[in-house]
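Inspection log for the structure reproduced underneath, given as structure tokens.
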Amino acid sequence: MSNIWVDQKYANQLQFRLERFKVRKTNPYVANFRCPLCGDSEKNKVKTRGYLLEHKGSIAFKCHNCHESMSLLRFLGKVAPQLQEELRLERLREQGSSVQTARRSYQTNVLTATERVTAPVAETFKSRIKLTKVSTLSADHACRKYVDGRLIPTEQQYRLYYVERFKTWVNTLIPGKFENVKSDHARLVLPMKNRKGQVIGFNARDMAETSSLRYISIMLDEDHPKVFGLELVDLNKDSFLVEGPIDSLFVDNSMAMAGASITDLSSFMDPAKAIFVFDNEPRNKEILEQYRKVIDAGHRLVIWPGNVKHKDINDMIQHGGMCKEEVSVMLHKNTYQGAIAQLRFNEWKKA
């Protein structure tokens, strides 16, 4: 049952914390303000491009300047942590929990639902729809051929799963997630886990190159950043943050930002240890914006040399004839920061 009024209550409390906050509509709820994540605009102090919007029975944050988006709960964690805890507890109470039960649930990160699916995803889902490890598929299976065709290392294939009817399977985890399952088909599934190894979501790849929606990310814990590979990296060392989960399978000590943003970075690692690796597409406006954000934030990133023409790491290996070790050397050799990063970025986007 929707408790939109609870979200509205906490959204309205932000009027004292956010600059130029104003409720524009109450049904559906719309409020806007100066975005606290990007600062909105240094030149124009009346710009208000941050929004709280009602969507499917809850409220979400969206900025039309930095293009960040997230649930109200996650947004509160960034701008008003105390309100985040209060909202989490009130939501639990509305669902029928006592205050004591709510606090216990909060203290364990409300992972009950996540824990129930951890074991099935680790092996096979215990229902009529099963997840199957790609490593157990026969050599002539379509999914195994797809994975082998992309030259994904054999030692990484245990992290990949196959499901015959993706939407139907998702609905066994999140009832009603997909209303129309008539066009259901198979996908390659890459589970996302937290540092404890518990499944908090998954990224699914359509194996048909003609698909209009090749990647889908589904979160079981909406308040966790969308990161693939977090459970395996050594956060005491430099970690590469690539765009796609499949690309991360070719790079040691790496993870994929499968929907997470640079503002989420400090929630799961020391930003000083991060090295961003975006796709090699200097004509893509969205990717250019990602480069600019990371450079402006002072983080390290890889800027591809002019002789590399392939669009991403997997493409460099699959079609460019490079090996994993060559890619690693190139990543380290072309990592930049600050003014040098800005200079190399300007050269790269004109190439």
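Each chain of the structure tokens is named A, B, ... in the order shown, its residues numbered from 1; ligands are numbered from 1 in display order.
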
Running DSSP on the backbone, which parts of stretch 133-252 of chain A land in helix (DSSP H, G or I), as a PyMOL selection string?
chain A and resi 134-136+142-149+154-159+166-173+245-248

Within 10 Å of A:Ser69, counting only C-alpha atoms, which residues show up once you throw out same-chain ones fewer than 3 positions away? Write them as a PyMOL selection string, please.
chain A and resi 50-52+60-64+66+72+74-75+259-261

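The smallest atom-to-atom distance between A:Asp7 and any of A:Arg150, A:Arg24, A:Arg88, A:Arg214, using only C-alpha atoms, is found for A:Arg88.
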
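Distance check against A:Ile262 using only C-alpha atoms: of A:Arg292, A:Lys9, A:Arg144, A:Lys196, the minimum falls on A:Arg292.
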
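Counting only C-alpha atoms, the residue from A:Asn203, A:Asn236, A:Gln342, A:Asn3 that sits nearest to A:Leu92 is A:Asn3.
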
For A:Asn12: contacts at 12 Å, only C-alpha atoms, fewer than 5 positions along chain excluded, given as an MDAnalysis selection string
chainID A and resid 5:7 17:18 21:26 29:33 52:53 59 72 76 83

Near stretch 297-313 of chain A, counting only C-alpha atoms, which residues have an atom at most 6 Å away, once you skip same-chain residues fewer than 3 positions from it, shown as a PyMOL selection string?
chain A and resi 247+275-277+279-281+294+316+334-338

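Among the candidates A:Cys143, A:Leu232, A:Gly149, A:Lys78, the residue lying nearest to A:Leu265 is A:Lys78 (atoms considered: only C-alpha atoms).
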
Just the residues within 8 Å of A:Ala204, please, counting only C-alpha atoms, with nothing from its chain fewer than 5 positions along; format it as a list of chain:residue names.
A:Arg187, A:Leu188, A:Val189, A:Leu190, A:Tyr215, A:Ile216, A:Ser217

Keeping only C-alpha atoms, write the selected residues as a compact mmCIF listing (two decimals), in the first residue's frame.
```
# COMPACT_ATOMS: atom_id res chain seq x y z
CA ARG A 187 19.04 -12.66 -20.31
CA LEU A 188 22.54 -12.89 -18.90
CA VAL A 189 22.34 -11.95 -15.19
CA LEU A 190 25.17 -10.33 -13.20
CA TYR A 215 20.83 -3.55 -20.02
CA ILE A 216 18.36 -3.53 -17.12
CA SER A 217 19.31 -2.92 -13.49
```

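Remark: for A:Lys293, the closest of the candidate residues A:Met207, A:Glu155, A:Thr263, A:Leu14 is A:Thr263 (distances computed over only C-alpha atoms).
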
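Minimum distance to A:Ile4 across A:Arg91, A:Asp315, A:Glu68, A:Thr48 (counting only C-alpha atoms) occurs at A:Arg91.
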
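For the pair atom CA of A:Pro271 and atom CA of A:Ile246, the separation is 22.6 Å.
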
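Across the structure, atom CA of A:Asp223 and atom CA of A:Gln8 are spaced 18.2 Å apart.
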
Can you pull out the residues contacting A:Glu222? Cut-off 10 Å, using only C-alpha atoms, and skip same-chain residues under 6 positions away; I want them as a count of residues only.
6

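Interatomic distance, atom CA of A:Ala339 against atom CA of A:Glu42: 20.7 Å.
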
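Shell of A:His185 at 10 Å, with only C-alpha atoms counted and residues fewer than 5 places along the chain excluded, is Val163, Glu164, Arg165, Phe166, Lys167, Thr168, Asp206 and Met207 of chain A.
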
Serialized selection, C-alpha atoms, as a compact mmCIF listing (two decimals), in the first residue's frame:
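Wrote it out as out03.txt, contents follow:
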```txt
# COMPACT_ATOMS: atom_id res chain seq x y z
CA VAL A 163 17.69 -17.12 -16.87
CA GLU A 164 15.27 -18.35 -19.54
CA ARG A 165 12.40 -15.95 -18.77
CA PHE A 166 13.82 -12.82 -17.19
CA LYS A 167 10.67 -10.78 -16.42
CA THR A 168 8.86 -13.79 -14.98
CA ASP A 206 19.95 -8.95 -23.40
CA MET A 207 22.08 -11.17 -25.62
```
